[in-house]
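Trainee: One structure is given below, represented as structure tokens, and several questions about it will come after.
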Amino acid sequence: MAHIFNPENKDKLISDERRRLFKPERLLTAAGLKEGMSVFDVGCGNGFFALPAAKIVGDNGRVFGFDIYQEMLDSLNSRAEESDINNIKTLKVSEEGANLSEINMLKNKEIDFIIMANILHEVPDINNFLKDYLKFLKTGGRLLVIEWRKKETEEGPGLEHRLSPKEVINLMKEQGLKPIYSRVINNNYYLKISEK
Ligand SMILES: C[S@@+](CC[C@H](N)C(=O)[O-])C[C@H]1O[C@@H](n2cnc3c(N)ncnc32)[C@H](O)[C@@H]1O
């Protein structure tokens, strides 16, 4: 069974320590996120990446945050309001994917950048899940995946739930994406960027 995040732990996601480890604004800019872009943050939680993404894309861009828990989306919305950020739309989705009427208002190939941070290992059918979201990605658009490194660490899901970098690369290739960049972020995480 997949390891699903418990919303009771949501404060951990937005700790100062995590911000120091990831430097989310810098990480997203280095990954190619720019002013004016349209972004999906899938498994956005309470907005650790969605909020800095919204700042980077600015008033000419927009961020769609997807999560299976309304509680996480409510927390993201109040944090956006506190910071006077108005370009985020949150959408509650099912575990299976995003075939919801709300996102069908979007056209295929409309999105420039998709963030999937610490979520893929929680998804039961990753290929179908990726397909649902990737159909909205423009040609030349990027997918940023952040995952737990496949080794024992103090925190995080059990080893059996983690995805190795090779598994992530294979998943990307199966979706017709071209892997373009890869790096270890810190002791716990790595990232992979691929292009459509
Ligand atoms: C570990 S948290 C990471 C949140 C955020 N991406 C971050 O890095 O701070 C994983 C999030 O993904 C959400 N999630 C899990 N399965 C999901 C699915 N199938 N579709 C959308 N969101 C999902 C969880 O509810 C949780 O908020």
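Naming scheme: A, B, ... for chains in displayed order of the structure tokens; residues 1 onward per chain; ligands 1 onward as shown.
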Tell me, which residues of stretch 14-75 of chain A carry DSSP alpha helix (DSSP H), written as a PDB file with all heavy atoms, in the first residue's frame?

Mentor:
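Full text of result.pdb as output:
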ATOM      1  N   ASP A  16      10.952  26.305   9.187  1.00  0.00           N
ATOM      2  CA  ASP A  16      12.111  27.097   8.747  1.00  0.00           C
ATOM      3  C   ASP A  16      13.233  26.180   8.298  1.00  0.00           C
ATOM      4  O   ASP A  16      13.953  26.477   7.350  1.00  0.00           O
ATOM      5  CB  ASP A  16      12.618  27.986   9.892  1.00  0.00           C
ATOM      6  CG  ASP A  16      11.657  29.130  10.141  1.00  0.00           C
ATOM      7  OD1 ASP A  16      10.809  29.412   9.266  1.00  0.00           O
ATOM      8  OD2 ASP A  16      11.745  29.730  11.231  1.00  0.00           O
ATOM      9  N   GLU A  17      13.347  25.044   8.993  1.00  0.00           N
ATOM     10  CA  GLU A  17      14.421  24.108   8.650  1.00  0.00           C
ATOM     11  C   GLU A  17      14.252  23.592   7.213  1.00  0.00           C
ATOM     12  O   GLU A  17      15.188  23.534   6.432  1.00  0.00           O
ATOM     13  CB  GLU A  17      14.418  22.945   9.636  1.00  0.00           C
ATOM     14  CG  GLU A  17      15.670  22.104   9.521  1.00  0.00           C
ATOM     15  CD  GLU A  17      15.509  20.739  10.133  1.00  0.00           C
ATOM     16  OE1 GLU A  17      14.528  20.520  10.879  1.00  0.00           O
ATOM     17  OE2 GLU A  17      16.361  19.882   9.836  1.00  0.00           O
ATOM     18  N   ARG A  18      13.013  23.264   6.883  1.00  0.00           N
ATOM     19  CA  ARG A  18      12.760  22.753   5.529  1.00  0.00           C
ATOM     20  C   ARG A  18      13.036  23.850   4.488  1.00  0.00           C
ATOM     21  O   ARG A  18      13.568  23.589   3.419  1.00  0.00           O
ATOM     22  CB  ARG A  18      11.303  22.260   5.448  1.00  0.00           C
ATOM     23  CG  ARG A  18      11.049  21.370   4.258  1.00  0.00           C
ATOM     24  CD  ARG A  18       9.802  20.530   4.405  1.00  0.00           C
ATOM     25  NE  ARG A  18       9.643  19.686   3.251  1.00  0.00           N
ATOM     26  CZ  ARG A  18       8.695  19.862   2.332  1.00  0.00           C
ATOM     27  NH1 ARG A  18       7.810  20.828   2.453  1.00  0.00           N
ATOM     28  NH2 ARG A  18       8.619  19.061   1.291  1.00  0.00           N
ATOM     29  N   ARG A  19      12.697  25.067   4.857  1.00  0.00           N
ATOM     30  CA  ARG A  19      12.949  26.192   3.939  1.00  0.00           C
ATOM     31  C   ARG A  19      14.454  26.356   3.714  1.00  0.00           C
ATOM     32  O   ARG A  19      14.908  26.587   2.605  1.00  0.00           O
ATOM     33  CB  ARG A  19      12.338  27.464   4.533  1.00  0.00           C
ATOM     34  CG  ARG A  19      12.070  28.533   3.494  1.00  0.00           C
ATOM     35  CD  ARG A  19      11.107  29.598   3.969  1.00  0.00           C
ATOM     36  NE  ARG A  19       9.744  29.093   4.061  1.00  0.00           N
ATOM     37  CZ  ARG A  19       8.975  29.167   5.143  1.00  0.00           C
ATOM     38  NH1 ARG A  19       9.417  29.731   6.224  1.00  0.00           N
ATOM     39  NH2 ARG A  19       7.752  28.689   5.134  1.00  0.00           N
ATOM     40  N   ARG A  20      15.217  26.195   4.811  1.00  0.00           N
ATOM     41  CA  ARG A  20      16.682  26.308   4.702  1.00  0.00           C
ATOM     42  C   ARG A  20      17.243  25.182   3.833  1.00  0.00           C
ATOM     43  O   ARG A  20      18.129  25.384   3.022  1.00  0.00           O
ATOM     44  CB  ARG A  20      17.319  26.223   6.087  1.00  0.00           C
ATOM     45  CG  ARG A  20      17.631  27.580   6.700  1.00  0.00           C
ATOM     46  CD  ARG A  20      18.591  27.455   7.867  1.00  0.00           C
ATOM     47  NE  ARG A  20      18.188  26.479   8.866  1.00  0.00           N
ATOM     48  CZ  ARG A  20      17.301  26.715   9.849  1.00  0.00           C
ATOM     49  NH1 ARG A  20      16.740  27.902   9.952  1.00  0.00           N
ATOM     50  NH2 ARG A  20      16.999  25.772  10.722  1.00  0.00           N
ATOM     51  N   LEU A  21      16.677  23.985   3.983  1.00  0.00           N
ATOM     52  CA  LEU A  21      17.183  22.836   3.233  1.00  0.00           C
ATOM     53  C   LEU A  21      16.896  22.943   1.742  1.00  0.00           C
ATOM     54  O   LEU A  21      17.722  22.615   0.915  1.00  0.00           O
ATOM     55  CB  LEU A  21      16.539  21.541   3.749  1.00  0.00           C
ATOM     56  CG  LEU A  21      17.087  20.943   5.030  1.00  0.00           C
ATOM     57  CD1 LEU A  21      16.264  19.735   5.441  1.00  0.00           C
ATOM     58  CD2 LEU A  21      18.543  20.513   4.824  1.00  0.00           C
ATOM     59  N   PHE A  22      15.679  23.393   1.413  1.00  0.00           N
ATOM     60  CA  PHE A  22      15.275  23.404   0.000  1.00  0.00           C
ATOM     61  C   PHE A  22      15.517  24.736  -0.710  1.00  0.00           C
ATOM     62  O   PHE A  22      15.633  24.769  -1.921  1.00  0.00           O
ATOM     63  CB  PHE A  22      13.775  23.083  -0.134  1.00  0.00           C
ATOM     64  CG  PHE A  22      13.465  21.621  -0.066  1.00  0.00           C
ATOM     65  CD1 PHE A  22      12.941  21.061   1.085  1.00  0.00           C
ATOM     66  CD2 PHE A  22      13.686  20.809  -1.162  1.00  0.00           C
ATOM     67  CE1 PHE A  22      12.635  19.710   1.149  1.00  0.00           C
ATOM     68  CE2 PHE A  22      13.381  19.453  -1.115  1.00  0.00           C
ATOM     69  CZ  PHE A  22      12.846  18.908   0.055  1.00  0.00           C
ATOM     70  N   PRO A  24      13.256  27.047  -1.543  1.00  0.00           N
ATOM     71  CA  PRO A  24      12.315  26.777  -2.630  1.00  0.00           C
ATOM     72  C   PRO A  24      12.317  27.801  -3.772  1.00  0.00           C
ATOM     73  O   PRO A  24      12.239  27.411  -4.936  1.00  0.00           O
ATOM     74  CB  PRO A  24      10.953  26.733  -1.938  1.00  0.00           C
ATOM     75  CG  PRO A  24      11.150  27.260  -0.576  1.00  0.00           C
ATOM     76  CD  PRO A  24      12.596  27.095  -0.243  1.00  0.00           C
ATOM     77  N   GLU A  25      12.447  29.091  -3.428  1.00  0.00           N
ATOM     78  CA  GLU A  25      12.392  30.100  -4.496  1.00  0.00           C
ATOM     79  C   GLU A  25      13.598  29.933  -5.438  1.00  0.00           C
ATOM     80  O   GLU A  25      13.455  29.938  -6.663  1.00  0.00           O
ATOM     81  CB  GLU A  25      12.349  31.494  -3.872  1.00  0.00           C
ATOM     82  CG  GLU A  25      11.727  32.493  -4.809  1.00  0.00           C
ATOM     83  CD  GLU A  25      11.006  33.620  -4.086  1.00  0.00           C
ATOM     84  OE1 GLU A  25      10.635  33.455  -2.911  1.00  0.00           O
ATOM     85  OE2 GLU A  25      10.822  34.664  -4.721  1.00  0.00           O
ATOM     86  N   ARG A  26      14.764  29.744  -4.829  1.00  0.00           N
ATOM     87  CA  ARG A  26      15.976  29.580  -5.628  1.00  0.00           C
ATOM     88  C   ARG A  26      15.909  28.282  -6.449  1.00  0.00           C
ATOM     89  O   ARG A  26      16.271  28.233  -7.622  1.00  0.00           O
ATOM     90  CB  ARG A  26      17.187  29.542  -4.690  1.00  0.00           C
ATOM     91  CG  ARG A  26      18.488  29.770  -5.424  1.00  0.00           C
ATOM     92  CD  ARG A  26      19.660  29.388  -4.577  1.00  0.00           C
ATOM     93  NE  ARG A  26      19.884  30.327  -3.491  1.00  0.00           N
ATOM     94  CZ  ARG A  26      20.891  30.210  -2.630  1.00  0.00           C
ATOM     95  NH1 ARG A  26      21.746  29.221  -2.729  1.00  0.00           N
ATOM     96  NH2 ARG A  26      21.046  31.074  -1.649  1.00  0.00           N
ATOM     97  N   LEU A  27      15.425  27.218  -5.794  1.00  0.00           N
ATOM     98  CA  LEU A  27      15.330  25.920  -6.474  1.00  0.00           C
ATOM     99  C   LEU A  27      14.421  26.006  -7.711  1.00  0.00           C
ATOM    100  O   LEU A  27      14.757  25.520  -8.787  1.00  0.00           O
ATOM    101  CB  LEU A  27      14.807  24.882  -5.474  1.00  0.00           C
ATOM    102  CG  LEU A  27      14.698  23.428  -5.893  1.00  0.00           C
ATOM    103  CD1 LEU A  27      14.814  22.524  -4.670  1.00  0.00           C
ATOM    104  CD2 LEU A  27      13.417  23.116  -6.636  1.00  0.00           C
ATOM    105  N   LEU A  28      13.266  26.674  -7.540  1.00  0.00           N
ATOM    106  CA  LEU A  28      12.308  26.759  -8.657  1.00  0.00           C
ATOM    107  C   LEU A  28      12.863  27.620  -9.792  1.00  0.00           C
ATOM    108  O   LEU A  28      12.701  27.287 -10.974  1.00  0.00           O
ATOM    109  CB  LEU A  28      10.974  27.340  -8.164  1.00  0.00           C
ATOM    110  CG  LEU A  28      10.166  26.436  -7.226  1.00  0.00           C
ATOM    111  CD1 LEU A  28       8.993  27.196  -6.615  1.00  0.00           C
ATOM    112  CD2 LEU A  28       9.651  25.199  -7.973  1.00  0.00           C
ATOM    113  N   THR A  29      13.519  28.718  -9.437  1.00  0.00           N
ATOM    114  CA  THR A  29      14.095  29.581 -10.475  1.00  0.00           C
ATOM    115  C   THR A  29      15.170  28.820 -11.243  1.00  0.00           C
ATOM    116  O   THR A  29      15.209  28.852 -12.476  1.00  0.00           O
ATOM    117  CB  THR A  29      14.685  30.860  -9.827  1.00  0.00           C
ATOM    118  OG1 THR A  29      13.662  31.475  -9.060  1.00  0.00           O
ATOM    119  CG2 THR A  29      15.174  31.831 -10.872  1.00  0.00           C
ATOM    120  N   ALA A  30      16.021  28.106 -10.503  1.00  0.00           N
ATOM    121  CA  ALA A  30      17.080  27.333 -11.164  1.00  0.00           C
ATOM    122  C   ALA A  30      16.491  26.243 -12.054  1.00  0.00           C
ATOM    123  O   ALA A  30      17.073  25.861 -13.066  1.00  0.00           O
ATOM    124  CB  ALA A  30      18.000  26.723 -10.118  1.00  0.00           C
ATOM    125  N   ALA A  50       4.123  26.031  -3.807  1.00  0.00           N
ATOM    126  CA  ALA A  50       3.126  26.813  -4.567  1.00  0.00           C
ATOM    127  C   ALA A  50       3.251  28.311  -4.284  1.00  0.00           C
ATOM    128  O   ALA A  50       3.125  29.133  -5.205  1.00  0.00           O
ATOM    129  CB  ALA A  50       1.714  26.327  -4.234  1.00  0.00           C
ATOM    130  N   LEU A  51       3.513  28.674  -3.028  1.00  0.00           N
ATOM    131  CA  LEU A  51       3.595  30.101  -2.697  1.00  0.00           C
ATOM    132  C   LEU A  51       4.814  30.767  -3.348  1.00  0.00           C
ATOM    133  O   LEU A  51       4.656  31.792  -4.016  1.00  0.00           O
ATOM    134  CB  LEU A  51       3.574  30.312  -1.180  1.00  0.00           C
ATOM    135  CG  LEU A  51       2.210  30.039  -0.527  1.00  0.00           C
ATOM    136  CD1 LEU A  51       2.337  29.987   0.983  1.00  0.00           C
ATOM    137  CD2 LEU A  51       1.184  31.077  -0.916  1.00  0.00           C
ATOM    138  N   PRO A  52       6.021  30.204  -3.194  1.00  0.00           N
ATOM    139  CA  PRO A  52       7.139  30.819  -3.921  1.00  0.00           C
ATOM    140  C   PRO A  52       6.940  30.785  -5.437  1.00  0.00           C
ATOM    141  O   PRO A  52       7.322  31.730  -6.131  1.00  0.00           O
ATOM    142  CB  PRO A  52       8.360  29.983  -3.514  1.00  0.00           C
ATOM    143  CG  PRO A  52       7.885  28.926  -2.606  1.00  0.00           C
ATOM    144  CD  PRO A  52       6.468  29.171  -2.251  1.00  0.00           C
ATOM    145  N   ALA A  53       6.310  29.716  -5.942  1.00  0.00           N
ATOM    146  CA  ALA A  53       6.051  29.660  -7.396  1.00  0.00           C
ATOM    147  C   ALA A  53       5.154  30.829  -7.803  1.00  0.00           C
ATOM    148  O   ALA A  53       5.384  31.483  -8.824  1.00  0.00           O
ATOM    149  CB  ALA A  53       5.405  28.325  -7.762  1.00  0.00           C
ATOM    150  N   ALA A  54       4.138  31.100  -6.985  1.00  0.00           N
ATOM    151  CA  ALA A  54       3.208  32.187  -7.308  1.00  0.00           C
ATOM    152  C   ALA A  54       3.930  33.533  -7.311  1.00  0.00           C
ATOM    153  O   ALA A  54       3.646  34.401  -8.138  1.00  0.00           O
ATOM    154  CB  ALA A  54       2.065  32.204  -6.294  1.00  0.00           C
ATOM    155  N   LYS A  55       4.896  33.690  -6.403  1.00  0.00           N
ATOM    156  CA  LYS A  55       5.668  34.949  -6.381  1.00  0.00           C
ATOM    157  C   LYS A  55       6.508  35.071  -7.642  1.00  0.00           C
ATOM    158  O   LYS A  55       6.606  36.142  -8.228  1.00  0.00           O
ATOM    159  CB  LYS A  55       6.585  34.983  -5.158  1.00  0.00           C
ATOM    160  CG  LYS A  55       5.844  35.291  -3.878  1.00  0.00           C
ATOM    161  CD  LYS A  55       6.825  35.567  -2.753  1.00  0.00           C
ATOM    162  CE  LYS A  55       6.095  35.510  -1.433  1.00  0.00           C
ATOM    163  NZ  LYS A  55       6.913  35.098  -0.318  1.00  0.00           N
ATOM    164  N   ILE A  56       7.118  33.970  -8.056  1.00  0.00           N
ATOM    165  CA  ILE A  56       8.000  34.019  -9.238  1.00  0.00           C
ATOM    166  C   ILE A  56       7.188  34.317 -10.497  1.00  0.00           C
ATOM    167  O   ILE A  56       7.564  35.156 -11.305  1.00  0.00           O
ATOM    168  CB  ILE A  56       8.775  32.682  -9.407  1.00  0.00           C
ATOM    169  CG1 ILE A  56       9.741  32.480  -8.240  1.00  0.00           C
ATOM    170  CG2 ILE A  56       9.532  32.654 -10.736  1.00  0.00           C
ATOM    171  CD1 ILE A  56      10.350  31.087  -8.137  1.00  0.00           C
ATOM    172  N   VAL A  57       6.047  33.657 -10.681  1.00  0.00           N
ATOM    173  CA  VAL A  57       5.300  33.854 -11.943  1.00  0.00           C
ATOM    174  C   VAL A  57       4.569  35.205 -11.952  1.00  0.00           C
ATOM    175  O   VAL A  57       4.282  35.752 -13.017  1.00  0.00           O
ATOM    176  CB  VAL A  57       4.321  32.688 -12.260  1.00  0.00           C
ATOM    177  CG1 VAL A  57       5.078  31.376 -12.357  1.00  0.00           C
ATOM    178  CG2 VAL A  57       3.183  32.587 -11.262  1.00  0.00           C
ATOM    179  N   GLN A  70      -8.788  18.608   1.534  1.00  0.00           N
ATOM    180  CA  GLN A  70      -9.262  19.997   1.604  1.00  0.00           C
ATOM    181  C   GLN A  70      -8.511  20.769   2.691  1.00  0.00           C
ATOM    182  O   GLN A  70      -8.210  21.956   2.531  1.00  0.00           O
ATOM    183  CB  GLN A  70     -10.786  20.009   1.859  1.00  0.00           C
ATOM    184  CG  GLN A  70     -11.433  21.375   1.670  1.00  0.00           C
ATOM    185  CD  GLN A  70     -11.229  21.949   0.275  1.00  0.00           C
ATOM    186  OE1 GLN A  70     -11.418  21.250  -0.723  1.00  0.00           O
ATOM    187  NE2 GLN A  70     -10.829  23.213   0.195  1.00  0.00           N
ATOM    188  N   GLU A  71      -8.186  20.063   3.773  1.00  0.00           N
ATOM    189  CA  GLU A  71      -7.473  20.713   4.878  1.00  0.00           C
ATOM    190  C   GLU A  71      -6.141  21.342   4.412  1.00  0.00           C
ATOM    191  O   GLU A  71      -5.771  22.438   4.843  1.00  0.00           O
ATOM    192  CB  GLU A  71      -7.205  19.642   5.954  1.00  0.00           C
ATOM    193  CG  GLU A  71      -6.499  20.162   7.154  1.00  0.00           C
ATOM    194  CD  GLU A  71      -6.267  19.059   8.206  1.00  0.00           C
ATOM    195  OE1 GLU A  71      -6.938  18.004   8.175  1.00  0.00           O
ATOM    196  OE2 GLU A  71      -5.406  19.294   9.071  1.00  0.00           O
ATOM    197  N   MET A  72      -5.437  20.637   3.536  1.00  0.00           N
ATOM    198  CA  MET A  72      -4.166  21.164   3.030  1.00  0.00           C
ATOM    199  C   MET A  72      -4.427  22.380   2.140  1.00  0.00           C
ATOM    200  O   MET A  72      -3.726  23.392   2.215  1.00  0.00           O
ATOM    201  CB  MET A  72      -3.413  20.085   2.229  1.00  0.00           C
ATOM    202  CG  MET A  72      -3.092  18.819   2.979  1.00  0.00           C
ATOM    203  SD  MET A  72      -2.185  19.082   4.512  1.00  0.00           S
ATOM    204  CE  MET A  72      -0.527  19.404   3.934  1.00  0.00           C
ATOM    205  N   LEU A  73      -5.465  22.273   1.317  1.00  0.00           N
ATOM    206  CA  LEU A  73      -5.776  23.385   0.400  1.00  0.00           C
ATOM    207  C   LEU A  73      -6.245  24.613   1.180  1.00  0.00           C
ATOM    208  O   LEU A  73      -5.893  25.749   0.841  1.00  0.00           O
ATOM    209  CB  LEU A  73      -6.841  22.947  -0.616  1.00  0.00           C
ATOM    210  CG  LEU A  73      -6.411  21.777  -1.515  1.00  0.00           C
ATOM    211  CD1 LEU A  73      -7.570  21.344  -2.411  1.00  0.00           C
ATOM    212  CD2 LEU A  73      -5.206  22.162  -2.382  1.00  0.00           C
ATOM    213  N   ASP A  74      -7.028  24.382   2.253  1.00  0.00           N
ATOM    214  CA  ASP A  74      -7.493  25.513   3.076  1.00  0.00           C
ATOM    215  C   ASP A  74      -6.297  26.224   3.692  1.00  0.00           C
ATOM    216  O   ASP A  74      -6.241  27.456   3.740  1.00  0.00           O
ATOM    217  CB  ASP A  74      -8.427  25.027   4.194  1.00  0.00           C
ATOM    218  CG  ASP A  74      -9.778  24.565   3.653  1.00  0.00           C
ATOM    219  OD1 ASP A  74     -10.097  24.881   2.484  1.00  0.00           O
ATOM    220  OD2 ASP A  74     -10.513  23.878   4.397  1.00  0.00           O
ATOM    221  N   SER A  75      -5.340  25.427   4.154  1.00  0.00           N
ATOM    222  CA  SER A  75      -4.154  26.018   4.768  1.00  0.00           C
ATOM    223  C   SER A  75      -3.368  26.821   3.717  1.00  0.00           C
ATOM    224  O   SER A  75      -2.912  27.937   3.986  1.00  0.00           O
ATOM    225  CB  SER A  75      -3.322  24.899   5.374  1.00  0.00           C
ATOM    226  OG  SER A  75      -2.055  25.343   5.705  1.00  0.00           O
TER     227      SER A  75
END

Trainee: Counting only C-alpha atoms and all ligand atoms, name the residues that have an atom within 7 Å of an atom of ligand 1; the answer should be given as a list in words.

Mentor: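 After applying the 7 Å limit, what remains is Ile4, Phe5, Pro7, Leu13, Ile14, Val42, Gly43, Cys44, Gly45, Asn46, Gly47, Phe48, Phe49, Phe66, Asp67, Ile68, Tyr69, Met72, Val93, Ser94, Glu95, Glu96, Gly97, Met116, Ala117, Asn118, Ile119, Glu122 and Val123 of chain A.
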
Trainee: Set the distance at 8 Å and use only C-alpha atoms: which residues neighbour stretch 130-138 of chain A once local chain neighbours fewer than 3 positions away are removed? I'd like the list as a compact mmCIF listing (two decimals) with N, CA and C atoms, in the first residue's frame.

Mentor:
# COMPACT_ATOMS: atom_id res chain seq x y z
N GLY A 97 -6.40 10.76 -9.82
CA GLY A 97 -5.92 11.72 -10.81
C GLY A 97 -6.79 12.93 -10.91
N ALA A 98 -6.76 13.54 -12.07
CA ALA A 98 -7.32 14.88 -12.19
C ALA A 98 -8.43 14.99 -13.22
N ASN A 99 -9.19 13.92 -13.40
CA ASN A 99 -10.27 14.00 -14.37
C ASN A 99 -11.49 14.69 -13.77
N LEU A 106 -9.47 23.83 -18.35
CA LEU A 106 -8.17 24.13 -18.93
C LEU A 106 -8.03 23.39 -20.25
N LYS A 107 -7.29 24.00 -21.14
CA LYS A 107 -7.08 23.30 -22.42
C LYS A 107 -5.81 22.47 -22.32
N ASN A 108 -5.77 21.40 -23.13
CA ASN A 108 -4.54 20.61 -23.20
C ASN A 108 -3.40 21.52 -23.61
N LYS A 109 -2.22 21.21 -23.16
CA LYS A 109 -1.00 21.94 -23.52
C LYS A 109 -1.05 23.41 -23.17
N GLU A 110 -1.57 23.72 -22.00
CA GLU A 110 -1.69 25.12 -21.57
C GLU A 110 -0.70 25.47 -20.47
N ILE A 111 -0.08 24.46 -19.90
CA ILE A 111 0.73 24.66 -18.69
C ILE A 111 2.23 24.62 -19.05
N ASP A 112 2.99 25.54 -18.44
CA ASP A 112 4.42 25.64 -18.74
C ASP A 112 5.28 24.77 -17.83
N PHE A 113 4.78 24.53 -16.61
CA PHE A 113 5.66 23.95 -15.60
C PHE A 113 4.83 23.15 -14.60
N ILE A 114 5.25 21.92 -14.33
CA ILE A 114 4.53 21.10 -13.34
C ILE A 114 5.49 20.71 -12.22
N ILE A 126 1.12 5.27 -10.77
CA ILE A 126 1.86 6.48 -11.15
C ILE A 126 1.70 6.81 -12.64
N ASN A 127 1.72 5.79 -13.50
CA ASN A 127 1.65 6.08 -14.94
C ASN A 127 0.36 6.79 -15.33
N GLY A 141 7.50 22.33 -22.21
CA GLY A 141 7.23 22.58 -20.79
C GLY A 141 8.00 21.59 -19.92
N ARG A 142 8.14 21.93 -18.64
CA ARG A 142 8.97 21.11 -17.76
C ARG A 142 8.20 20.46 -16.62
N GLN A 175 6.44 8.36 -20.31
CA GLN A 175 5.46 9.40 -20.63
C GLN A 175 5.93 10.25 -21.81
N LYS A 196 8.96 18.17 -22.06
CA LYS A 196 8.04 17.49 -22.98
C LYS A 196 8.48 17.73 -24.43

Trainee: Can you tell me how far atom CA of A:Asp41 sits from atom CA of A:Gly65, in Å to one decimal?

Mentor: 4.8 Å

Trainee: For A:Ser194, list every protein, DNA or RNA residue within 8 Å, evaluated using only C-alpha atoms, and leave out those in the same chain fewer than 5 positions away; present the list as a compact mmCIF listing (two decimals) with N, CA, C and O atoms, in the first residue's frame.

Mentor:
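And here's selection.txt as it stands now:
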# COMPACT_ATOMS: atom_id res chain seq x y z
N ARG A 142 8.14 21.93 -18.64
CA ARG A 142 8.97 21.11 -17.76
C ARG A 142 8.20 20.46 -16.62
O ARG A 142 7.26 21.05 -16.09
N LEU A 143 8.65 19.27 -16.26
CA LEU A 143 8.15 18.59 -15.06
C LEU A 143 9.30 18.51 -14.06
O LEU A 143 10.39 18.01 -14.38
N LEU A 144 9.05 19.04 -12.86
CA LEU A 144 10.03 18.95 -11.77
C LEU A 144 9.54 17.92 -10.77
O LEU A 144 8.45 18.06 -10.22
N MET A 172 9.42 8.93 -16.46
CA MET A 172 9.40 10.10 -17.33
C MET A 172 9.49 9.68 -18.79
O MET A 172 8.76 10.18 -19.64
N LEU A 177 8.70 12.00 -21.97
CA LEU A 177 9.45 13.19 -21.57
C LEU A 177 10.95 12.92 -21.71
O LEU A 177 11.40 11.78 -21.61
N LYS A 178 11.70 14.03 -21.88
CA LYS A 178 13.14 13.90 -22.01
C LYS A 178 13.80 14.38 -20.70
O LYS A 178 13.67 15.57 -20.36
N PRO A 179 14.48 13.49 -19.97
CA PRO A 179 15.17 13.94 -18.75
C PRO A 179 16.26 14.95 -19.13
O PRO A 179 17.06 14.69 -20.03
N ILE A 180 16.29 16.12 -18.45
CA ILE A 180 17.31 17.12 -18.81
C ILE A 180 18.24 17.50 -17.66
O ILE A 180 19.29 18.07 -17.87
N TYR A 181 17.83 17.21 -16.43
CA TYR A 181 18.67 17.64 -15.31
C TYR A 181 18.35 16.81 -14.08
O TYR A 181 17.21 16.42 -13.88

Trainee: I want to know what sits within 7 Å of A:Arg162, based on only C-alpha atoms, with residues of the same chain fewer than 4 positions away left out; could you give that as a PyMOL selection string?

Mentor: chain A and resi 121+148+150+157-158

Trainee: Put those residues in a file: N, CA and C atoms, as an mmCIF file, in the first residue's frame.

Mentor:
data_model
loop_
_atom_site.group_PDB
_atom_site.id
_atom_site.type_symbol
_atom_site.label_atom_id
_atom_site.label_comp_id
_atom_site.auth_asym_id
_atom_site.auth_seq_id
_atom_site.Cartn_x
_atom_site.Cartn_y
_atom_site.Cartn_z
ATOM 1 N N HIS A 121 5.752 9.030 -4.729
ATOM 2 C CA HIS A 121 5.824 7.768 -3.961
ATOM 3 C C HIS A 121 4.518 7.494 -3.210
ATOM 4 N N TRP A 148 12.211 11.492 -2.131
ATOM 5 C CA TRP A 148 13.099 11.017 -1.071
ATOM 6 C C TRP A 148 14.190 10.146 -1.693
ATOM 7 N N LYS A 150 16.601 7.043 -2.058
ATOM 8 C CA LYS A 150 16.281 5.645 -1.720
ATOM 9 C C LYS A 150 17.345 5.106 -0.776
ATOM 10 N N PRO A 157 9.256 8.270 4.553
ATOM 11 C CA PRO A 157 8.616 6.970 4.353
ATOM 12 C C PRO A 157 9.628 5.828 4.386
ATOM 13 N N GLY A 158 9.148 4.629 4.655
ATOM 14 C CA GLY A 158 10.012 3.442 4.639
ATOM 15 C C GLY A 158 10.640 3.252 3.263
#

Trainee: Please measure the separation of atom CA of A:Asn86 and atom CA of A:Asp59, giving the value in Å to one decimal.

Mentor: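 Distance reported for this atom pair: 8.1 Å.
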
Trainee: Which neighbours of A:Gly58 fall inside 12 Å, counting only C-alpha atoms, when residues of the same chain fewer than 6 positions from it are skipped, and could you give them as a list in words?

Mentor: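 Close residues of A:Gly58: Leu33, Lys34, Glu35, Gly36, Met37, Ser38, Val39, Ala50, Leu51, Pro52, Asp84, Ile85, Asn86, Asn87 and Ile88 of chain A.
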